[in-house]
>>> print(open('target10.cif').read())   # mmCIF, C-alpha atoms and all ligand atoms
data_coords
loop_
_atom_site.label_atom_id
_atom_site.label_comp_id
_atom_site.auth_asym_id
_atom_site.auth_seq_id
_atom_site.Cartn_x
_atom_site.Cartn_y
_atom_site.Cartn_z
CA MET A 1073 2.93 41.17 -10.47
CA GLU A 1074 5.22 38.16 -10.17
CA LEU A 1075 4.32 35.46 -12.68
CA ASN A 1076 4.12 31.87 -11.62
CA ARG A 1077 2.51 29.77 -14.31
CA TRP A 1078 1.65 26.91 -11.95
CA ARG A 1079 0.30 28.67 -8.87
CA GLN A 1080 -3.17 29.33 -10.30
CA ASP A 1081 -3.72 25.57 -10.66
CA PHE A 1082 -3.70 25.14 -6.88
CA PRO A 1083 -7.12 26.13 -5.56
CA GLN A 1084 -5.95 26.23 -1.96
CA LEU A 1085 -3.66 29.15 -2.76
CA LYS A 1086 -6.40 31.31 -4.27
CA ASP A 1087 -7.58 34.14 -2.01
CA ASN A 1088 -5.59 32.65 0.82
CA ASP A 1089 -2.84 34.29 2.85
CA LEU A 1090 -1.14 30.93 3.46
CA ILE A 1091 2.61 30.89 2.75
CA TYR A 1092 3.10 27.18 2.25
CA LEU A 1093 6.70 26.15 2.84
CA ASP A 1094 6.13 22.57 3.91
CA SER A 1095 6.07 20.72 0.60
CA ALA A 1096 8.79 18.33 1.71
CA ALA A 1097 6.17 16.98 4.14
CA SER A 1098 3.32 16.93 1.60
CA ALA A 1099 2.69 18.89 -1.57
CA LEU A 1100 -0.52 20.80 -2.25
CA LYS A 1101 -2.78 19.37 -4.95
CA PRO A 1102 -3.56 20.94 -8.31
CA GLN A 1103 -7.21 21.12 -9.44
CA THR A 1104 -6.72 18.31 -11.95
CA VAL A 1105 -5.68 15.88 -9.19
CA ILE A 1106 -8.63 16.91 -7.04
CA ASP A 1107 -11.02 16.54 -9.99
CA THR A 1108 -9.67 13.19 -11.11
CA THR A 1109 -9.90 11.79 -7.58
CA MET A 1110 -13.41 13.19 -7.04
CA ASN A 1111 -14.62 11.98 -10.43
CA TYR A 1112 -13.83 8.42 -9.44
CA TYR A 1113 -16.04 8.79 -6.35
CA ARG A 1114 -18.77 10.61 -8.24
CA ASP A 1115 -18.95 8.44 -11.36
CA LEU A 1116 -17.61 5.06 -10.30
CA SER A 1117 -16.91 4.44 -6.59
CA VAL A 1118 -16.64 0.70 -7.25
CA ASN A 1119 -13.96 -1.89 -6.67
CA ILE A 1120 -11.38 -3.01 -9.24
CA HIS A 1121 -10.27 -6.32 -10.72
CA ARG A 1122 -13.50 -7.98 -9.55
CA GLY A 1123 -16.76 -6.71 -11.08
CA ILE A 1124 -17.93 -7.54 -14.61
CA TYR A 1125 -20.10 -4.46 -15.12
CA ASP A 1126 -19.14 -1.27 -16.94
CA GLU A 1127 -18.22 0.81 -13.88
CA ALA A 1128 -15.94 -1.94 -12.56
CA TYR A 1129 -14.18 -2.25 -15.90
CA GLU A 1130 -13.72 1.50 -16.10
CA ALA A 1131 -12.35 1.78 -12.54
CA THR A 1132 -9.94 -1.08 -13.29
CA ARG A 1133 -8.86 0.58 -16.54
CA LEU A 1134 -8.15 3.88 -14.76
CA PHE A 1135 -6.27 2.14 -11.94
CA GLU A 1136 -4.08 0.23 -14.37
CA ALA A 1137 -3.56 3.36 -16.48
CA THR A 1138 -1.82 4.89 -13.46
CA ARG A 1139 0.51 1.90 -13.33
CA GLU A 1140 1.44 2.59 -16.95
CA ALA A 1141 1.91 6.30 -16.21
CA VAL A 1142 4.19 5.59 -13.23
CA ALA A 1143 6.18 3.07 -15.26
CA SER A 1144 6.74 5.57 -18.03
CA PHE A 1145 7.51 8.37 -15.50
CA ILE A 1146 10.45 6.41 -14.05
CA HIS A 1147 11.27 4.33 -17.15
CA ALA A 1148 10.23 1.00 -15.65
CA GLU A 1149 8.23 -1.91 -17.03
CA VAL A 1150 4.55 -1.87 -16.09
CA ASP A 1151 4.73 -5.09 -14.04
CA GLU A 1152 7.60 -3.65 -11.99
CA ILE A 1153 5.26 -1.09 -10.37
CA ILE A 1154 3.59 -2.00 -7.07
CA PHE A 1155 1.13 0.34 -5.42
CA THR A 1156 1.55 0.68 -1.66
CA ARG A 1157 0.19 2.93 1.08
CA GLY A 1158 3.21 5.20 0.74
CA ALA A 1159 7.01 5.20 0.59
CA THR A 1160 7.14 3.82 4.14
CA ALA A 1161 5.10 0.76 3.19
CA ALA A 1162 7.21 0.28 0.06
CA MET A 1163 10.48 0.19 2.01
CA ASN A 1164 9.04 -2.05 4.73
CA LEU A 1165 7.93 -4.49 2.05
CA VAL A 1166 11.44 -4.73 0.60
CA ALA A 1167 13.11 -5.13 3.99
CA LEU A 1168 10.66 -7.53 5.56
CA SER A 1169 10.18 -9.69 2.48
CA PHE A 1170 13.33 -9.45 0.33
CA GLY A 1171 15.58 -8.63 3.30
CA MET A 1172 14.30 -11.35 5.59
CA THR A 1173 14.77 -13.95 2.86
CA ASN A 1174 18.14 -12.88 1.55
CA ILE A 1175 20.05 -11.62 4.58
CA GLN A 1176 22.04 -14.14 6.60
CA LYS A 1177 24.07 -13.94 9.82
CA ASP A 1178 27.09 -11.60 9.54
CA ASP A 1179 25.91 -10.07 6.25
CA GLU A 1180 26.29 -6.30 6.09
CA ILE A 1181 23.57 -3.74 5.35
CA ILE A 1182 24.79 -0.25 4.49
CA VAL A 1183 22.63 2.74 5.45
CA SER A 1184 23.36 6.34 6.41
CA GLU A 1185 22.55 8.86 9.11
CA LEU A 1186 20.71 10.88 6.48
CA GLU A 1187 17.94 8.30 6.25
CA HIS A 1188 14.31 8.96 7.01
CA HIS A 1189 13.19 6.50 9.71
CA SER A 1190 11.28 4.51 7.11
CA SER A 1191 14.51 3.79 5.23
CA VAL A 1192 16.53 2.68 8.28
CA LEU A 1193 14.19 1.16 10.89
CA PRO A 1194 13.07 -1.79 8.72
CA TRP A 1195 16.75 -2.63 8.14
CA GLN A 1196 17.52 -2.26 11.85
CA LYS A 1197 14.85 -4.89 12.44
CA VAL A 1198 16.17 -7.21 9.74
CA ALA A 1199 19.72 -6.83 11.06
CA THR A 1200 18.60 -7.68 14.60
CA LEU A 1201 16.47 -10.65 13.61
CA LYS A 1202 19.07 -12.07 11.23
CA GLN A 1203 22.17 -11.18 13.30
CA ALA A 1204 23.45 -9.15 10.41
CA LYS A 1205 25.44 -5.94 10.74
CA LEU A 1206 24.07 -2.47 10.08
CA VAL A 1207 26.90 -0.30 8.73
CA TYR A 1208 26.74 3.49 8.48
CA ILE A 1209 28.53 5.43 5.76
CA PRO A 1210 30.60 8.10 7.53
CA LEU A 1211 29.16 11.44 6.44
CA ASP A 1212 31.58 14.16 5.34
CA GLU A 1213 32.04 17.37 7.35
CA ASN A 1214 28.86 18.88 5.83
CA GLY A 1215 26.76 15.80 6.46
CA ARG A 1216 26.92 14.48 2.90
CA ILE A 1217 27.20 10.94 1.59
CA THR A 1218 30.22 10.76 -0.70
CA VAL A 1219 31.33 7.99 -3.04
CA GLU A 1220 34.74 7.98 -1.34
CA ASN A 1221 33.21 7.32 2.07
CA PHE A 1222 30.86 4.73 0.61
CA LYS A 1223 33.87 2.82 -0.71
CA LYS A 1224 35.27 2.73 2.84
CA VAL A 1225 32.32 0.65 4.12
CA LEU A 1226 31.56 -1.47 1.06
CA THR A 1227 32.90 -5.02 1.56
CA ASN A 1228 32.43 -8.51 0.18
CA ARG A 1229 29.90 -9.05 2.98
CA THR A 1230 27.70 -6.12 1.89
CA LYS A 1231 24.35 -7.53 0.77
CA ILE A 1232 22.10 -4.47 0.93
CA VAL A 1233 22.62 -0.75 0.42
CA ALA A 1234 19.58 1.34 1.48
CA LEU A 1235 19.96 5.06 0.88
CA THR A 1236 17.96 8.21 0.45
CA TYR A 1237 18.18 9.91 -2.97
CA ILE A 1238 17.50 13.38 -1.51
CA SER A 1239 17.71 13.99 2.23
CA ASN A 1240 14.49 15.38 3.69
CA VAL A 1241 16.45 17.49 6.20
CA MET A 1242 19.58 18.62 4.37
CA GLY A 1243 18.32 18.63 0.77
CA TYR A 1244 21.48 16.87 -0.41
CA VAL A 1245 21.37 14.69 -3.52
CA THR A 1246 23.14 11.37 -2.94
CA PRO A 1247 25.48 10.25 -5.74
CA ILE A 1248 23.45 7.08 -6.15
CA GLU A 1249 24.47 6.28 -9.69
CA ALA A 1250 28.12 5.68 -8.75
CA ILE A 1251 27.08 3.99 -5.50
CA ILE A 1252 24.78 1.55 -7.32
CA GLN A 1253 27.56 0.63 -9.74
CA LEU A 1254 30.02 -0.03 -6.94
CA ALA A 1255 27.44 -1.99 -4.92
CA HIS A 1256 26.63 -4.17 -7.92
CA GLU A 1257 30.31 -5.00 -8.35
CA LYS A 1258 29.99 -6.63 -4.92
CA LYS A 1259 26.65 -8.21 -5.91
CA ALA A 1260 24.80 -6.12 -3.31
CA CYS A 1261 21.23 -4.93 -3.88
CA VAL A 1262 20.43 -1.23 -3.72
CA ILE A 1263 17.19 0.23 -2.38
CA VAL A 1264 16.72 3.93 -3.03
CA ASP A 1265 14.32 6.06 -1.03
CA ALA A 1266 13.10 8.49 -3.71
CA ALA A 1267 10.30 10.04 -1.63
CA GLN A 1268 11.97 13.48 -1.84
CA ALA A 1269 13.59 12.93 -5.24
CA ALA A 1270 10.57 11.99 -7.35
CA PRO A 1271 8.96 15.46 -7.04
CA HIS A 1272 12.22 17.13 -8.13
CA LEU A 1273 14.39 14.92 -10.33
CA LYS A 1274 13.80 12.93 -13.47
CA ILE A 1275 14.28 9.33 -12.43
CA ASP A 1276 15.31 6.63 -14.87
CA VAL A 1277 15.44 3.33 -13.01
CA LYS A 1278 16.92 1.54 -16.02
CA ARG A 1279 19.79 3.98 -16.41
CA LEU A 1280 20.42 3.99 -12.66
CA ASP A 1281 20.15 0.19 -12.64
CA VAL A 1282 18.62 0.49 -9.18
CA ASP A 1283 17.12 -2.70 -7.71
CA PHE A 1284 14.26 -1.18 -5.69
CA LEU A 1285 13.02 2.40 -5.46
CA ALA A 1286 10.30 3.90 -3.26
CA ILE A 1287 8.09 6.89 -4.08
CA ALA A 1288 5.49 8.84 -2.06
CA GLY A 1289 2.51 10.02 -4.13
CA HIS A 1290 1.51 12.80 -1.74
CA LYS A 1291 4.87 14.58 -2.06
CA MET A 1292 4.59 14.77 -5.85
CA LEU A 1293 1.19 16.50 -6.01
CA GLY A 1294 -0.74 13.24 -5.75
CA PRO A 1295 -3.33 12.16 -3.21
CA THR A 1296 -2.39 10.75 0.19
CA GLY A 1297 -2.54 7.01 0.79
CA VAL A 1298 -0.61 5.95 -2.28
CA GLY A 1299 3.03 5.22 -2.85
CA VAL A 1300 4.98 3.13 -5.28
CA LEU A 1301 7.55 0.41 -4.97
CA TYR A 1302 9.59 -0.14 -8.11
CA GLY A 1303 11.45 -3.44 -8.18
CA LYS A 1304 13.34 -5.29 -10.89
CA LYS A 1305 10.97 -7.94 -12.18
CA ALA A 1306 13.23 -10.91 -11.42
CA LEU A 1307 13.61 -9.73 -7.81
CA LEU A 1308 9.88 -9.20 -7.40
CA ASP A 1309 9.14 -12.62 -8.84
CA ALA A 1310 11.37 -14.22 -6.24
CA MET A 1311 9.85 -12.25 -3.36
CA GLU A 1312 7.07 -13.40 -1.04
CA PRO A 1313 4.14 -11.07 -0.37
CA LEU A 1314 3.80 -9.79 3.20
CA GLU A 1315 0.08 -9.20 3.23
CA LEU A 1316 -2.08 -12.16 2.37
CA GLY A 1317 -5.73 -11.83 1.49
CA GLY A 1318 -8.13 -11.19 -1.34
CA GLU A 1319 -7.17 -10.65 -4.97
CA MET A 1320 -3.50 -11.56 -4.60
CA ASN A 1321 -3.93 -15.26 -5.29
CA GLU A 1322 -4.47 -17.41 -8.35
CA GLU A 1323 -5.82 -20.41 -6.46
CA VAL A 1324 -6.53 -21.19 -2.82
CA ASN A 1325 -6.60 -24.73 -1.48
CA LEU A 1326 -7.08 -26.06 2.03
CA TYR A 1327 -3.42 -26.05 2.94
CA HIS A 1328 -1.69 -23.99 0.30
CA ALA A 1329 -2.34 -21.24 -2.17
CA ILE A 1330 -0.78 -20.01 -5.38
CA TRP A 1331 -0.03 -16.31 -5.63
CA LYS A 1332 -0.63 -14.20 -8.70
CA ASP A 1333 2.44 -12.84 -10.48
CA ALA A 1334 4.02 -9.53 -9.44
CA PRO A 1335 2.81 -6.84 -9.03
CA TYR A 1336 -0.61 -8.28 -8.09
CA LYS A 1337 0.63 -10.66 -5.41
CA PHE A 1338 1.74 -7.58 -3.44
CA GLU A 1339 -1.60 -5.75 -3.73
CA SER A 1340 -3.98 -7.64 -1.50
CA GLY A 1341 -7.38 -6.41 -0.36
CA THR A 1342 -9.03 -3.26 -1.61
CA MET A 1343 -6.43 -0.80 -2.77
CA PRO A 1344 -6.64 3.02 -2.35
CA ILE A 1345 -8.34 3.16 -5.75
CA ALA A 1346 -9.23 6.87 -5.82
CA SER A 1347 -5.72 7.85 -4.76
CA VAL A 1348 -4.07 5.64 -7.35
CA ILE A 1349 -6.32 7.07 -10.06
CA GLY A 1350 -5.56 10.61 -8.84
CA LEU A 1351 -1.83 9.91 -8.95
CA LYS A 1352 -1.96 9.68 -12.75
CA ALA A 1353 -3.23 13.25 -12.91
CA ALA A 1354 -0.31 14.32 -10.69
CA ILE A 1355 2.19 12.61 -12.97
CA GLU A 1356 0.63 14.18 -16.05
CA TYR A 1357 0.76 17.55 -14.35
CA LEU A 1358 4.45 17.17 -13.47
CA GLU A 1359 5.32 15.91 -16.94
CA LYS A 1360 3.62 18.92 -18.49
CA ALA A 1361 5.23 21.29 -16.01
CA ASP A 1362 8.56 19.59 -16.81
CA LEU A 1363 10.64 18.59 -13.81
CA VAL A 1364 13.69 20.45 -15.12
CA SER A 1365 11.74 23.74 -15.18
CA VAL A 1366 10.23 22.95 -11.79
CA GLU A 1367 13.63 22.29 -10.25
CA ASN A 1368 15.14 25.42 -11.80
CA HIS A 1369 12.35 27.46 -10.28
CA VAL A 1370 12.68 25.80 -6.89
CA LYS A 1371 16.46 26.28 -6.83
CA LYS A 1372 16.14 29.97 -7.72
CA LEU A 1373 13.66 30.46 -4.89
CA ARG A 1374 15.79 28.54 -2.44
CA ASN A 1375 18.86 30.53 -3.38
CA TYR A 1376 16.98 33.84 -3.23
CA ALA A 1377 15.67 33.05 0.25
CA PHE A 1378 19.02 31.66 1.43
CA GLN A 1379 20.99 34.73 0.34
CA GLN A 1380 18.81 36.85 2.64
CA MET A 1381 18.46 34.34 5.44
CA LYS A 1382 22.23 33.93 5.82
CA LYS A 1383 22.52 37.63 6.63
CA ILE A 1384 20.08 37.40 9.53
CA GLU A 1385 21.92 37.49 12.84
CA GLY A 1386 20.59 35.07 15.40
CA ILE A 1387 19.81 32.14 13.15
CA LYS A 1388 21.84 29.08 12.27
CA ILE A 1389 21.43 27.43 8.86
CA TYR A 1390 22.52 23.78 8.79
CA ASN A 1391 22.60 23.18 5.03
CA PRO A 1392 24.02 26.28 3.33
CA ASP A 1393 25.01 24.27 0.25
CA ALA A 1394 21.86 22.15 -0.18
CA ASP A 1395 21.24 20.84 -3.69
CA SER A 1396 17.49 20.97 -3.51
CA SER A 1397 14.58 22.88 -2.08
CA ILE A 1398 15.26 22.85 1.65
CA ILE A 1399 16.52 25.36 4.21
CA ALA A 1400 17.09 23.73 7.60
CA PHE A 1401 17.64 26.26 10.37
CA ASN A 1402 17.06 27.34 13.94
CA ILE A 1403 16.66 30.62 15.73
CA THR A 1404 19.48 30.54 18.26
CA GLY A 1405 18.25 29.76 21.75
CA VAL A 1406 14.65 29.17 20.66
CA HIS A 1407 13.02 25.76 20.47
CA PRO A 1408 11.87 25.18 16.90
CA HIS A 1409 8.33 24.39 18.04
CA ASP A 1410 8.10 27.82 19.69
CA ALA A 1411 9.55 29.39 16.56
CA ALA A 1412 7.17 27.45 14.29
CA SER A 1413 4.21 28.74 16.34
CA PHE A 1414 5.41 32.29 15.67
CA PHE A 1415 5.64 31.49 11.94
CA ALA A 1416 2.17 29.92 12.05
CA GLU A 1417 0.72 33.08 13.59
CA HIS A 1418 2.12 34.90 10.58
CA ARG A 1419 0.58 32.26 8.27
CA VAL A 1420 3.94 30.82 7.28
CA ALA A 1421 3.64 27.03 7.30
CA LEU A 1422 7.00 25.43 8.14
CA ARG A 1423 7.86 22.10 9.66
CA ALA A 1424 9.54 21.93 13.07
CA GLY A 1425 10.92 18.83 14.72
CA HIS A 1426 13.23 15.97 13.87
CA HIS A 1427 11.52 15.34 10.51
CA CYS A 1428 11.42 11.57 11.11
CA ALA A 1429 15.18 11.65 10.63
CA GLN A 1430 16.55 11.70 14.17
CA LEU A 1431 19.93 10.32 13.14
CA ILE A 1432 20.91 13.40 11.13
CA ILE A 1433 19.43 15.69 13.79
CA LYS A 1434 21.69 13.96 16.35
CA TRP A 1435 24.62 14.16 13.92
CA LEU A 1436 24.02 17.92 13.76
CA GLY A 1437 24.14 18.00 17.56
CA ILE A 1438 20.69 19.51 17.95
CA GLU A 1439 17.29 18.40 19.25
CA ALA A 1440 15.22 19.56 16.33
CA CYS A 1441 15.12 22.24 13.64
CA LEU A 1442 12.88 24.29 11.41
CA ARG A 1443 12.56 23.30 7.78
CA ALA A 1444 11.36 25.55 4.96
CA SER A 1445 10.82 23.69 1.70
CA PHE A 1446 9.83 25.14 -1.64
CA TYR A 1447 7.90 23.75 -4.57
CA LEU A 1448 6.60 24.85 -7.92
CA TYR A 1449 3.70 26.98 -6.63
CA ASN A 1450 5.94 29.10 -4.38
CA THR A 1451 6.96 32.61 -5.31
CA TYR A 1452 9.63 35.19 -4.50
CA ALA A 1453 6.95 36.88 -2.38
CA ASP A 1454 6.76 33.68 -0.29
CA CYS A 1455 10.55 33.86 0.18
CA ASP A 1456 10.30 37.51 1.24
CA GLN A 1457 7.64 36.56 3.74
CA LEU A 1458 9.87 33.79 5.12
CA VAL A 1459 12.76 36.23 5.52
CA GLN A 1460 10.66 38.98 7.09
CA THR A 1461 8.97 36.58 9.48
CA THR A 1462 12.33 35.10 10.48
CA LYS A 1463 13.64 38.60 11.25
CA ALA A 1464 10.48 39.39 13.20
CA ALA A 1465 10.79 36.10 15.10
CA VAL A 1466 14.41 36.80 16.09
CA LYS A 1467 13.37 40.27 17.29
CA PHE A 1468 10.34 38.94 19.16
CA PHE A 1469 12.13 36.12 20.96
CA ARG A 1470 14.97 38.44 21.94
CA SER A 1471 12.46 40.99 23.25
CA VAL A 1472 10.92 38.37 25.56
CA GLY A 1473 14.28 37.27 26.89
CA PHE A 1474 15.38 34.32 24.72
CA GLU A 1475 19.13 34.37 24.27
CA GLY A 1476 20.10 35.05 20.65
C1 LIG B 1501 13.01 10.93 2.54
C2 LIG B 1501 11.68 10.35 2.94
N1 LIG B 1501 11.50 9.04 2.89
C3 LIG B 1501 10.32 8.47 3.22
C4 LIG B 1501 9.25 9.22 3.63
C5 LIG B 1501 7.97 8.55 4.00
O1 LIG B 1501 7.02 8.69 2.98
P1 LIG B 1501 5.50 8.31 3.21
O2 LIG B 1501 4.91 9.43 3.99
O3 LIG B 1501 4.91 8.22 1.84
O4 LIG B 1501 5.42 7.00 3.88
C6 LIG B 1501 9.39 10.60 3.70
C7 LIG B 1501 8.28 11.45 4.18
O5 LIG B 1501 8.45 12.38 4.92
C8 LIG B 1501 10.64 11.19 3.34
O6 LIG B 1501 10.83 12.51 3.39
#
>>> encode(input="target10.cif", output="structure tokens", more="lines below")
Ligand SMILES: Cc1ncc(COP(=O)(O)O)c(C=O)c1O
Amino acid sequence: MELNRWRQDFPQLKDNDLIYLDSAASALKPQTVIDTTMNYYRDLSVNIHRGIYDEAYEATRLFEATREAVASFIHAEVDEIIFTRGATAAMNLVALSFGMTNIQKDDEIIVSELEHHSSVLPWQKVATLKQAKLVYIPLDENGRITVENFKKVLTNRTKIVALTYISNVMGYVTPIEAIIQLAHEKKACVIVDAAQAAPHLKIDVKRLDVDFLAIAGHKMLGPTGVGVLYGKKALLDAMEPLELGGEMNEEVNLYHAIWKDAPYKFESGTMPIASVIGLKAAIEYLEKADLVSVENHVKKLRNYAFQQMKKIEGIKIYNPDADSSIIAFNITGVHPHDAASFFAEHRVALRAGHHCAQLIIKWLGIEACLRASFYLYNTYADCDQLVQTTKAAVKFFRSVGFEG
């Protein structure tokens, strides 16, 4: 029997034939996250920062304890952590608040074709509204962002650099440390999309000296509906909130109001309390599992699967040298949605489509692709199943007349 010390913690995988290879979309939840989230509903269920009864104090304490846990997880200060609906909301907040205030006509905003839509579309909007210029880093021949190519587009007019830490299609790790240093030499601000990185890499925002960083709770074993925006305190203090409403203000007068300090001015209305509380359990789980061990495991699985997949005739793999957990591929001549249906019939859950990253899909010269992504609960048996099902799919589609 193959040993996987984490798998048993995921109730969904018990007595289930599901081969889950879609963790880059959303990770499954360990029992402790499910329990912590449910306990809030069972024992508390009340709002935070408002009530002066025991349950309200306890819910507030648990909510704020997650802020401390996130801060320590990425080496930030507690008041640099803003809870959002997800990574998308975090990046929109930076662009539409910080970006709209600080970008002027003819300024340059550097992005890449590897971005998830949530990391590029807000900047497209800012660039259009402010008559600024969106500049793309030329990718190298494998579709990677390199420091050399970044230098080619960095200028004295660069004000913003918005980049993914790990690509959700190619699984490449961006050399953000060097990029941040170079950007800061030009006094540009760097926003890092860490939605795919936070589940896999130890992040130290202080060491990176990153200005803003976005995280998605649901990809790192946490509940859906919660993400995090990290921002340097001085930048957050100077930023205007986008959403105005309850609990984000110190004082409201007839014609003006005074906001609370960051992070609270950015958290208006009732927050996803249960999800935030559950996120702490996810962080504790990952810290105990140790991200280095998790990533070692994931890389071994990815390599094991890749070594077999590359021998299969009739498939094309787009990221043979990925750094992280992803295999992006197609069965030649078969639309990935048709292929994914075949995988689904065999209980292999993959993602098919453009992965909300149409720019890299276009760069690859394709319409869409299949994506298998691995995480800590996966096993070598899952990889075998992926390989066997891919072989069976190639055989099946050829037998019904698809050109291989
Ligand atoms: C690289 C990347 N950035 C951002 C996002 C968006 O995250 P969220 O679903 O939390 O808004 C995703 C999700 O697929 C992603 O893979």
>>> residues_around(input="target10.cif", residues="segment 1270-1285 of chain A", least_positions_apart="5", cutoff="6 Å", atoms="all atoms listed in the file", output="ChimeraX atom specification")
/A:1146-1147,1249,1262-1265,1292,1301-1304,1367
>>> write_last_selection(input="target10.cif", atoms="C-alpha atoms", output="mmCIF file, keeping the file's coordinate frame")
data_model
loop_
_atom_site.group_PDB
_atom_site.id
_atom_site.type_symbol
_atom_site.label_atom_id
_atom_site.label_comp_id
_atom_site.auth_asym_id
_atom_site.auth_seq_id
_atom_site.Cartn_x
_atom_site.Cartn_y
_atom_site.Cartn_z
ATOM 1 C CA ILE A 1146 10.450 6.410 -14.050
ATOM 2 C CA HIS A 1147 11.270 4.330 -17.150
ATOM 3 C CA GLU A 1249 24.470 6.280 -9.690
ATOM 4 C CA VAL A 1262 20.430 -1.230 -3.720
ATOM 5 C CA ILE A 1263 17.190 0.230 -2.380
ATOM 6 C CA VAL A 1264 16.720 3.930 -3.030
ATOM 7 C CA ASP A 1265 14.320 6.060 -1.030
ATOM 8 C CA MET A 1292 4.590 14.770 -5.850
ATOM 9 C CA LEU A 1301 7.550 0.410 -4.970
ATOM 10 C CA TYR A 1302 9.590 -0.140 -8.110
ATOM 11 C CA GLY A 1303 11.450 -3.440 -8.180
ATOM 12 C CA LYS A 1304 13.340 -5.290 -10.890
ATOM 13 C CA GLU A 1367 13.630 22.290 -10.250
#
>>> atom_distance(input="target10.cif", atom1="atom CA of Pro1408 of chain A", atom2="atom P1 of ligand LIG 1501 (chain B)")
22.6 Å
>>> closest_atom_pairs(input="target10.cif", of="chain A", to="ligand LIG 1501 (chain B)", cutoff="10 Å", atoms="all atoms listed in the file", output="JSON lines")
{"residue": "A:Ser1095", "atom": "CA", "partner": "B:LIG1501", "partner_atom": "O5", "distance": 9.7}
{"residue": "A:Ala1096", "atom": "CA", "partner": "B:LIG1501", "partner_atom": "O6", "distance": 6.4}
{"residue": "A:Ala1097", "atom": "CA", "partner": "B:LIG1501", "partner_atom": "O5", "distance": 5.2}
{"residue": "A:Ser1098", "atom": "CA", "partner": "B:LIG1501", "partner_atom": "O5", "distance": 7.6}
{"residue": "A:Thr1156", "atom": "CA", "partner": "B:LIG1501", "partner_atom": "O3", "distance": 9.0}
{"residue": "A:Arg1157", "atom": "CA", "partner": "B:LIG1501", "partner_atom": "O3", "distance": 7.1}
{"residue": "A:Gly1158", "atom": "CA", "partner": "B:LIG1501", "partner_atom": "O3", "distance": 3.6}
{"residue": "A:Ala1159", "atom": "CA", "partner": "B:LIG1501", "partner_atom": "O3", "distance": 3.9}
{"residue": "A:Thr1160", "atom": "CA", "partner": "B:LIG1501", "partner_atom": "O4", "distance": 3.6}
{"residue": "A:Ala1161", "atom": "CA", "partner": "B:LIG1501", "partner_atom": "O4", "distance": 6.3}
{"residue": "A:Ala1162", "atom": "CA", "partner": "B:LIG1501", "partner_atom": "O4", "distance": 7.9}
{"residue": "A:Met1163", "atom": "CA", "partner": "B:LIG1501", "partner_atom": "C3", "distance": 8.4}
{"residue": "A:Asn1164", "atom": "CA", "partner": "B:LIG1501", "partner_atom": "O4", "distance": 9.8}
{"residue": "A:Leu1186", "atom": "CA", "partner": "B:LIG1501", "partner_atom": "C1", "distance": 8.6}
{"residue": "A:Glu1187", "atom": "CA", "partner": "B:LIG1501", "partner_atom": "C1", "distance": 6.7}
{"residue": "A:His1188", "atom": "CA", "partner": "B:LIG1501", "partner_atom": "N1", "distance": 5.0}
{"residue": "A:His1189", "atom": "CA", "partner": "B:LIG1501", "partner_atom": "C3", "distance": 7.4}
{"residue": "A:Ser1190", "atom": "CA", "partner": "B:LIG1501", "partner_atom": "C3", "distance": 5.6}
{"residue": "A:Ser1191", "atom": "CA", "partner": "B:LIG1501", "partner_atom": "N1", "distance": 6.5}
{"residue": "A:Val1192", "atom": "CA", "partner": "B:LIG1501", "partner_atom": "N1", "distance": 9.7}
{"residue": "A:Leu1235", "atom": "CA", "partner": "B:LIG1501", "partner_atom": "C1", "distance": 9.2}
{"residue": "A:Thr1236", "atom": "CA", "partner": "B:LIG1501", "partner_atom": "C1", "distance": 6.0}
{"residue": "A:Tyr1237", "atom": "CA", "partner": "B:LIG1501", "partner_atom": "C1", "distance": 7.6}
{"residue": "A:Ile1238", "atom": "CA", "partner": "B:LIG1501", "partner_atom": "C1", "distance": 6.5}
{"residue": "A:Ser1239", "atom": "CA", "partner": "B:LIG1501", "partner_atom": "C1", "distance": 5.6}
{"residue": "A:Asn1240", "atom": "CA", "partner": "B:LIG1501", "partner_atom": "O6", "distance": 4.7}
{"residue": "A:Val1241", "atom": "CA", "partner": "B:LIG1501", "partner_atom": "O6", "distance": 8.0}
{"residue": "A:Gly1243", "atom": "CA", "partner": "B:LIG1501", "partner_atom": "C1", "distance": 9.5}
{"residue": "A:Val1264", "atom": "CA", "partner": "B:LIG1501", "partner_atom": "N1", "distance": 9.4}
{"residue": "A:Asp1265", "atom": "CA", "partner": "B:LIG1501", "partner_atom": "N1", "distance": 5.7}
{"residue": "A:Ala1266", "atom": "CA", "partner": "B:LIG1501", "partner_atom": "C1", "distance": 6.7}
{"residue": "A:Ala1267", "atom": "CA", "partner": "B:LIG1501", "partner_atom": "N1", "distance": 4.8}
{"residue": "A:Gln1268", "atom": "CA", "partner": "B:LIG1501", "partner_atom": "C1", "distance": 5.2}
{"residue": "A:Ala1269", "atom": "CA", "partner": "B:LIG1501", "partner_atom": "C1", "distance": 8.1}
{"residue": "A:Ala1286", "atom": "CA", "partner": "B:LIG1501", "partner_atom": "C3", "distance": 7.9}
{"residue": "A:Ile1287", "atom": "CA", "partner": "B:LIG1501", "partner_atom": "O3", "distance": 6.9}
{"residue": "A:Ala1288", "atom": "CA", "partner": "B:LIG1501", "partner_atom": "O3", "distance": 4.0}
{"residue": "A:Gly1289", "atom": "CA", "partner": "B:LIG1501", "partner_atom": "O3", "distance": 6.7}
{"residue": "A:His1290", "atom": "CA", "partner": "B:LIG1501", "partner_atom": "O3", "distance": 6.7}
{"residue": "A:Lys1291", "atom": "CA", "partner": "B:LIG1501", "partner_atom": "O3", "distance": 7.5}
{"residue": "A:Thr1296", "atom": "CA", "partner": "B:LIG1501", "partner_atom": "O3", "distance": 7.9}
{"residue": "A:Gly1297", "atom": "CA", "partner": "B:LIG1501", "partner_atom": "O3", "distance": 7.6}
{"residue": "A:Val1298", "atom": "CA", "partner": "B:LIG1501", "partner_atom": "O3", "distance": 7.3}
{"residue": "A:Gly1299", "atom": "CA", "partner": "B:LIG1501", "partner_atom": "O3", "distance": 5.9}
{"residue": "A:Val1300", "atom": "CA", "partner": "B:LIG1501", "partner_atom": "O3", "distance": 8.8}
{"residue": "A:His1427", "atom": "CA", "partner": "B:LIG1501", "partner_atom": "O5", "distance": 7.0}
{"residue": "A:Cys1428", "atom": "CA", "partner": "B:LIG1501", "partner_atom": "O5", "distance": 6.9}
{"residue": "A:Ala1429", "atom": "CA", "partner": "B:LIG1501", "partner_atom": "C1", "distance": 8.4}
